[in-house]
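Note: the block below is work-v2.cif and it holds mmCIF, C-alpha atoms.
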```
data_run
loop_
_atom_site.label_atom_id
_atom_site.label_comp_id
_atom_site.auth_asym_id
_atom_site.auth_seq_id
_atom_site.Cartn_x
_atom_site.Cartn_y
_atom_site.Cartn_z
CA MET A 1 -74.09 -3.45 -12.18
CA LEU A 2 -73.40 -1.10 -15.08
CA LEU A 3 -69.89 -0.57 -13.76
CA MET A 4 -69.04 -4.28 -13.57
CA PRO A 5 -67.46 -4.49 -17.06
CA LEU A 6 -65.27 -1.50 -16.24
CA VAL A 7 -64.26 -2.97 -12.90
CA LEU A 8 -63.46 -6.31 -14.54
CA LYS A 9 -61.22 -4.62 -17.11
CA VAL A 10 -59.36 -2.73 -14.38
CA VAL A 11 -58.87 -5.89 -12.31
CA LEU A 12 -57.60 -7.87 -15.32
CA TRP A 13 -55.30 -4.99 -16.19
CA THR A 14 -53.71 -5.07 -12.71
CA SER A 15 -53.02 -8.81 -12.78
CA GLN A 16 -53.80 -11.96 -14.76
CA ASP A 17 -53.63 -14.06 -11.57
CA PRO A 18 -57.22 -14.60 -10.29
CA VAL A 19 -56.18 -14.57 -6.60
CA ARG A 20 -54.18 -11.40 -6.99
CA GLY A 21 -56.95 -9.94 -9.10
CA ILE A 22 -59.49 -10.48 -6.29
CA ALA A 23 -57.12 -8.83 -3.80
CA ASN A 24 -56.63 -5.88 -6.16
CA ALA A 25 -60.40 -5.58 -6.62
CA HIS A 26 -60.89 -5.48 -2.86
CA THR A 27 -58.23 -2.80 -2.46
CA LEU A 28 -59.71 -0.78 -5.30
CA PHE A 29 -63.18 -1.02 -3.78
CA ASN A 30 -61.94 0.26 -0.40
CA LYS A 31 -60.11 3.19 -1.98
CA VAL A 32 -63.06 4.20 -4.14
CA ASN A 33 -65.40 3.87 -1.15
CA THR A 34 -63.11 6.09 0.92
CA VAL A 35 -62.99 8.76 -1.77
CA ILE A 36 -66.79 8.77 -2.07
CA GLN A 37 -67.40 8.99 1.69
CA LEU A 38 -64.64 11.48 2.50
CA PRO A 39 -66.74 14.61 1.82
CA PHE A 40 -69.39 13.27 4.20
CA ALA A 41 -66.99 12.32 7.00
CA TYR A 42 -68.14 15.12 9.30
CA LEU A 43 -71.80 14.19 8.88
CA LEU A 44 -70.99 10.56 9.60
CA VAL A 45 -69.20 11.52 12.82
CA VAL A 46 -72.13 13.65 13.97
CA ALA A 47 -74.61 10.88 13.19
CA ALA A 48 -72.52 8.26 14.99
CA THR A 49 -72.13 10.52 18.04
CA ARG A 50 -75.87 11.04 18.29
CA ILE A 51 -76.74 7.38 17.77
CA ILE A 52 -74.04 5.89 20.01
CA ARG A 53 -73.31 8.18 22.93
CA GLY A 54 -70.33 7.57 25.17
CA GLU A 55 -70.26 7.60 28.93
CA ASP A 56 -70.58 10.91 30.75
CA PRO A 57 -67.21 12.36 31.72
CA ILE A 58 -66.22 11.46 35.27
CA LEU A 59 -66.37 14.46 37.58
CA GLU A 60 -63.43 15.17 39.82
CA THR A 61 -65.39 15.27 43.06
CA ALA A 62 -62.38 15.04 45.36
CA PRO A 63 -61.07 18.34 46.76
CA LYS A 64 -58.42 20.00 44.61
CA TYR A 65 -57.31 22.82 46.89
CA LEU A 66 -57.61 21.50 50.45
CA ASP A 67 -54.15 20.64 51.74
CA ARG A 68 -53.84 19.65 55.39
CA ARG A 69 -50.22 20.74 55.37
CA LEU A 70 -51.54 24.30 55.15
CA LEU A 71 -53.64 24.07 58.32
CA ASP A 72 -50.78 25.60 60.31
CA SER A 73 -50.96 28.62 57.97
CA PRO A 74 -54.60 29.70 58.52
CA ALA A 75 -54.51 32.68 56.15
CA ILE A 76 -53.45 30.47 53.24
CA ALA A 77 -55.76 27.61 54.29
CA LEU A 78 -58.77 29.97 54.25
CA GLN A 79 -57.88 31.10 50.74
CA GLN A 80 -57.78 27.45 49.64
CA VAL A 81 -61.23 26.92 51.15
CA VAL A 82 -62.54 29.84 49.10
CA LYS A 83 -61.18 28.19 45.94
CA GLU A 84 -62.80 24.88 46.83
CA LEU A 85 -66.08 26.67 47.50
CA GLY A 86 -65.82 28.01 43.96
CA ARG A 87 -65.84 24.46 42.61
CA MET A 88 -68.68 23.47 44.91
CA GLY A 89 -70.74 26.48 43.83
CA LYS A 90 -70.11 25.68 40.17
CA PHE A 91 -71.38 22.12 40.63
CA ALA A 92 -74.45 23.38 42.52
CA LEU A 93 -75.25 25.88 39.77
CA GLU A 94 -74.87 23.24 37.06
CA ALA A 95 -77.08 20.82 39.00
CA LEU A 96 -79.80 23.43 39.37
CA SER A 97 -79.59 24.49 35.72
CA GLY A 98 -79.70 20.87 34.53
CA ALA A 99 -82.63 19.95 36.76
CA THR A 100 -84.58 23.00 35.61
CA GLU A 101 -83.91 22.22 31.96
CA VAL A 102 -85.18 18.67 32.51
CA PHE A 103 -88.37 20.15 33.94
CA PHE A 104 -88.93 22.49 30.99
CA THR A 105 -87.75 20.25 28.13
CA GLY A 106 -88.20 16.68 29.40
CA ASN A 107 -84.65 15.86 28.25
CA GLU A 108 -83.91 12.69 30.23
CA ARG A 109 -80.25 12.72 29.14
CA LEU A 110 -79.67 15.59 31.57
CA VAL A 111 -80.91 13.65 34.60
CA ARG A 112 -77.74 11.69 35.30
CA PRO A 113 -75.36 14.67 34.88
CA ALA A 114 -77.51 16.72 37.26
CA ARG A 115 -77.46 13.95 39.88
CA ALA A 116 -73.71 13.53 39.47
CA ARG A 117 -73.15 17.21 40.17
CA GLU A 118 -75.36 17.12 43.24
CA GLU A 119 -73.33 14.16 44.53
CA ALA A 120 -70.19 16.21 43.91
CA VAL A 121 -71.70 19.03 45.97
CA ASN A 122 -72.44 16.65 48.84
CA ASN A 123 -68.93 15.21 48.74
CA LEU A 124 -67.28 18.61 48.78
CA GLU A 125 -69.60 19.75 51.59
CA ARG A 126 -68.33 16.90 53.77
CA GLU A 127 -64.67 17.45 52.90
CA ILE A 128 -64.74 21.23 53.34
CA THR A 129 -66.61 20.97 56.65
CA VAL A 130 -64.03 18.53 58.06
CA TYR A 131 -61.25 20.82 56.86
CA LEU A 132 -62.84 23.87 58.53
CA VAL A 133 -63.34 21.97 61.80
CA GLU A 134 -59.65 21.02 61.81
CA LEU A 135 -58.67 24.59 60.95
CA ALA A 136 -60.80 25.94 63.80
CA GLN A 137 -58.58 24.03 66.24
CA ARG A 138 -55.56 26.09 65.20
CA SER A 139 -54.60 29.48 66.60
CA LEU A 140 -56.69 31.97 64.65
CA THR A 141 -57.04 35.71 64.82
CA LYS A 142 -60.47 37.20 65.43
CA ALA A 143 -60.77 38.15 61.75
CA GLN A 144 -59.79 34.64 60.68
CA SER A 145 -62.35 33.08 63.06
CA GLU A 146 -65.08 35.32 61.67
CA ARG A 147 -64.14 34.41 58.13
CA LEU A 148 -64.10 30.71 59.00
CA ASN A 149 -67.65 30.98 60.37
CA PHE A 150 -68.73 32.82 57.25
CA LEU A 151 -67.27 30.10 55.03
CA TYR A 152 -68.89 27.38 57.13
CA ASN A 153 -72.30 29.00 56.61
CA ALA A 154 -71.57 29.37 52.89
CA VAL A 155 -70.85 25.64 52.63
CA ASN A 156 -74.24 24.85 54.14
CA ASP A 157 -76.01 27.34 51.87
CA ILE A 158 -74.46 25.88 48.73
CA GLU A 159 -75.29 22.35 49.85
CA ARG A 160 -78.92 23.43 50.22
CA ILE A 161 -78.88 24.68 46.62
CA GLY A 162 -77.85 21.18 45.56
CA ASP A 163 -80.73 19.74 47.59
CA HIS A 164 -83.19 22.13 45.94
CA ALA A 165 -81.84 21.10 42.54
CA MET A 166 -82.73 17.50 43.35
CA ASN A 167 -86.19 18.59 44.48
CA VAL A 168 -86.70 20.25 41.09
CA LEU A 169 -85.40 17.12 39.35
CA GLU A 170 -87.80 14.88 41.27
CA LEU A 171 -90.68 17.16 40.29
CA ALA A 172 -89.53 17.01 36.68
CA GLU A 173 -89.47 13.20 36.73
CA TYR A 174 -92.90 13.13 38.37
CA LYS A 175 -94.19 15.47 35.66
CA MET A 176 -92.72 13.32 32.85
CA GLU A 177 -93.90 10.00 34.29
CA ARG A 178 -97.48 11.21 34.53
CA ASP A 179 -97.38 13.42 31.45
CA LEU A 180 -98.73 16.36 33.43
CA PRO A 181 -99.69 19.36 31.27
CA TYR A 182 -98.76 22.95 32.15
CA SER A 183 -100.35 26.02 30.64
CA ASP A 184 -98.23 28.48 28.69
CA GLU A 185 -98.85 31.05 31.41
CA ALA A 186 -97.63 28.66 34.11
CA ILE A 187 -94.48 27.81 32.12
CA LYS A 188 -93.82 31.51 31.58
CA SER A 189 -94.15 32.23 35.30
CA LEU A 190 -91.86 29.34 36.20
CA LYS A 191 -89.22 30.49 33.71
CA GLU A 192 -89.36 34.02 35.11
CA MET A 193 -88.93 32.59 38.61
CA HIS A 194 -85.99 30.51 37.42
CA GLU A 195 -84.31 33.53 35.81
CA ARG A 196 -84.67 35.53 39.02
CA VAL A 197 -83.20 32.72 41.11
CA MET A 198 -80.25 32.30 38.76
CA GLY A 199 -79.76 36.06 38.70
CA ALA A 200 -79.72 36.20 42.50
CA PHE A 201 -77.21 33.34 42.53
CA ALA A 202 -74.96 35.19 40.08
CA ARG A 203 -75.10 38.41 42.12
CA ALA A 204 -74.48 36.70 45.46
CA TRP A 205 -71.83 34.23 44.37
CA ARG A 206 -68.26 35.34 43.82
CA PRO A 207 -66.15 32.18 43.36
#
```
Using the file provided, produce a representation of the structure as structure tokens.
Amino acid sequence: MLLMPLVLKVVLWTSQDPVRGIANAHTLFNKVNTVIQLPFAYLLVVAATRIIRGEDPILETAPKYLDRRLLDSPAIALQQVVKELGRMGKFALEALSGATEVFFTGNERLVRPARAREEAVNNLEREITVYLVELAQRSLTKAQSERLNFLYNAVNDIERIGDHAMNVLELAEYKMERDLPYSDEAIKSLKEMHERVMGAFARAWRP
């Protein structure tokens, strides 16, 4: 209110026409408001992002490397399967990490991303398995047949990791719904177990 006389003088100075004066006052207000808020723009963006969260990014669950035109070139097709297994393993690892974090922190925002990654694992398991079955019908060398069997077993193993991730997530939801307490010693033991599992995954997996 103390600034009203000053604002009135500025408006009258810009124009004697009342209509134009109101328009000038509105423009002046917007510019002054922008100048005042500009230093806090970053904080406003952060606050808005936390208050109004967008949709989770859509995962590309369709195979990226499986090309049926390569089935007649088994050596190349097997290399493409290895690449696709890398994506599948990444999704399985992310699902397991997310589910475990939900268990330890109770962060419900991680539930949907974890489930989405497990669904991606299931989808890739189906697609890779079909691709390997079709590849097995081609003329393969003994070494290629052995590698195909190895990759088939790897697909099943990774899919099981995704299943275990969902088991952990279900336990986490059960724990949150019933507000079940865990002792510090129990949490410590579970975290140690988790670290060992993730370490074993890192040592065994070479995408």
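This file, filtered with the PyMOL selection byres ((chain A and resi 140) around 12), gives the residues Leu71, Asp72, Ser73, Pro74, Ala75, Ile76, Ala77, Leu78, Leu132, Glu134, Leu135, Ala136, Gln137, Arg138, Ser139, Thr141, Lys142, Ala143, Gln144, Ser145, Glu146, Arg147, Leu148 and Asn149 of chain A.
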Next on the checklist: Measuring between only C-alpha atoms, which one of A:Glu84, A:Tyr65, A:Ala116, A:Gly106 shows the shortest distance to A:Gly162?
Outcome noted: A:Ala116
Checklist entry - Selected by the PyMOL selection byres ((chain A and resi 127) around 12) in the shown coordinates: which residues, as a list in words? => result Thr61, Ala62, Pro63, Lys64, Tyr65, Leu66, Asp67, Arg68, Val81, Glu84, Leu85, Met88, Ala120, Val121, Asn122, Asn123, Leu124, Glu125, Arg126, Ile128, Thr129, Val130, Tyr131, Leu132, Val133, Glu134, Tyr152 and Val155 of chain A
Can you spit out the residues from that selection as a short mmCIF file (atom, residue, chain, number, x, y, z; two decimals), in the frame of the given file, using C-alpha atoms?
```
data_model
loop_
_atom_site.label_atom_id
_atom_site.label_comp_id
_atom_site.auth_asym_id
_atom_site.auth_seq_id
_atom_site.Cartn_x
_atom_site.Cartn_y
_atom_site.Cartn_z
CA THR A 61 -65.39 15.27 43.06
CA ALA A 62 -62.38 15.04 45.36
CA PRO A 63 -61.07 18.34 46.76
CA LYS A 64 -58.42 20.00 44.61
CA TYR A 65 -57.31 22.82 46.89
CA LEU A 66 -57.61 21.50 50.45
CA ASP A 67 -54.15 20.64 51.74
CA ARG A 68 -53.84 19.65 55.39
CA VAL A 81 -61.23 26.92 51.15
CA GLU A 84 -62.80 24.88 46.83
CA LEU A 85 -66.08 26.67 47.50
CA MET A 88 -68.68 23.47 44.91
CA ALA A 120 -70.19 16.21 43.91
CA VAL A 121 -71.70 19.03 45.97
CA ASN A 122 -72.44 16.65 48.84
CA ASN A 123 -68.93 15.21 48.74
CA LEU A 124 -67.28 18.61 48.78
CA GLU A 125 -69.60 19.75 51.59
CA ARG A 126 -68.33 16.90 53.77
CA ILE A 128 -64.74 21.23 53.34
CA THR A 129 -66.61 20.97 56.65
CA VAL A 130 -64.03 18.53 58.06
CA TYR A 131 -61.25 20.82 56.86
CA LEU A 132 -62.84 23.87 58.53
CA VAL A 133 -63.34 21.97 61.80
CA GLU A 134 -59.65 21.02 61.81
CA TYR A 152 -68.89 27.38 57.13
CA VAL A 155 -70.85 25.64 52.63
#
```
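Taking atom CA of A:Asp157 and atom CA of A:Ile187 as endpoints, the distance between them is 27.0 Å.
Coordinates place atom CA of A:Ala114 at a distance of 11.4 Å from atom CA of A:Asn167.
Distance-wise, atom CA of A:Glu173 and atom CA of A:Arg87 end up 26.8 Å apart.
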Next on the checklist: Can you translate the PyMOL selection byres ((chain A and resi 198) around 12) into the concrete residues it hits in this file, as a list of chain:residue names?
Outcome noted: A:Ala92, A:Leu93, A:Glu94, A:Ala95, A:Leu96, A:Ser97, A:Thr100, A:Ile161, A:Ala165, A:Lys191, A:Glu192, A:Met193, A:His194, A:Glu195, A:Arg196, A:Val197, A:Gly199, A:Ala200, A:Phe201, A:Ala202, A:Arg203, A:Ala204, A:Trp205
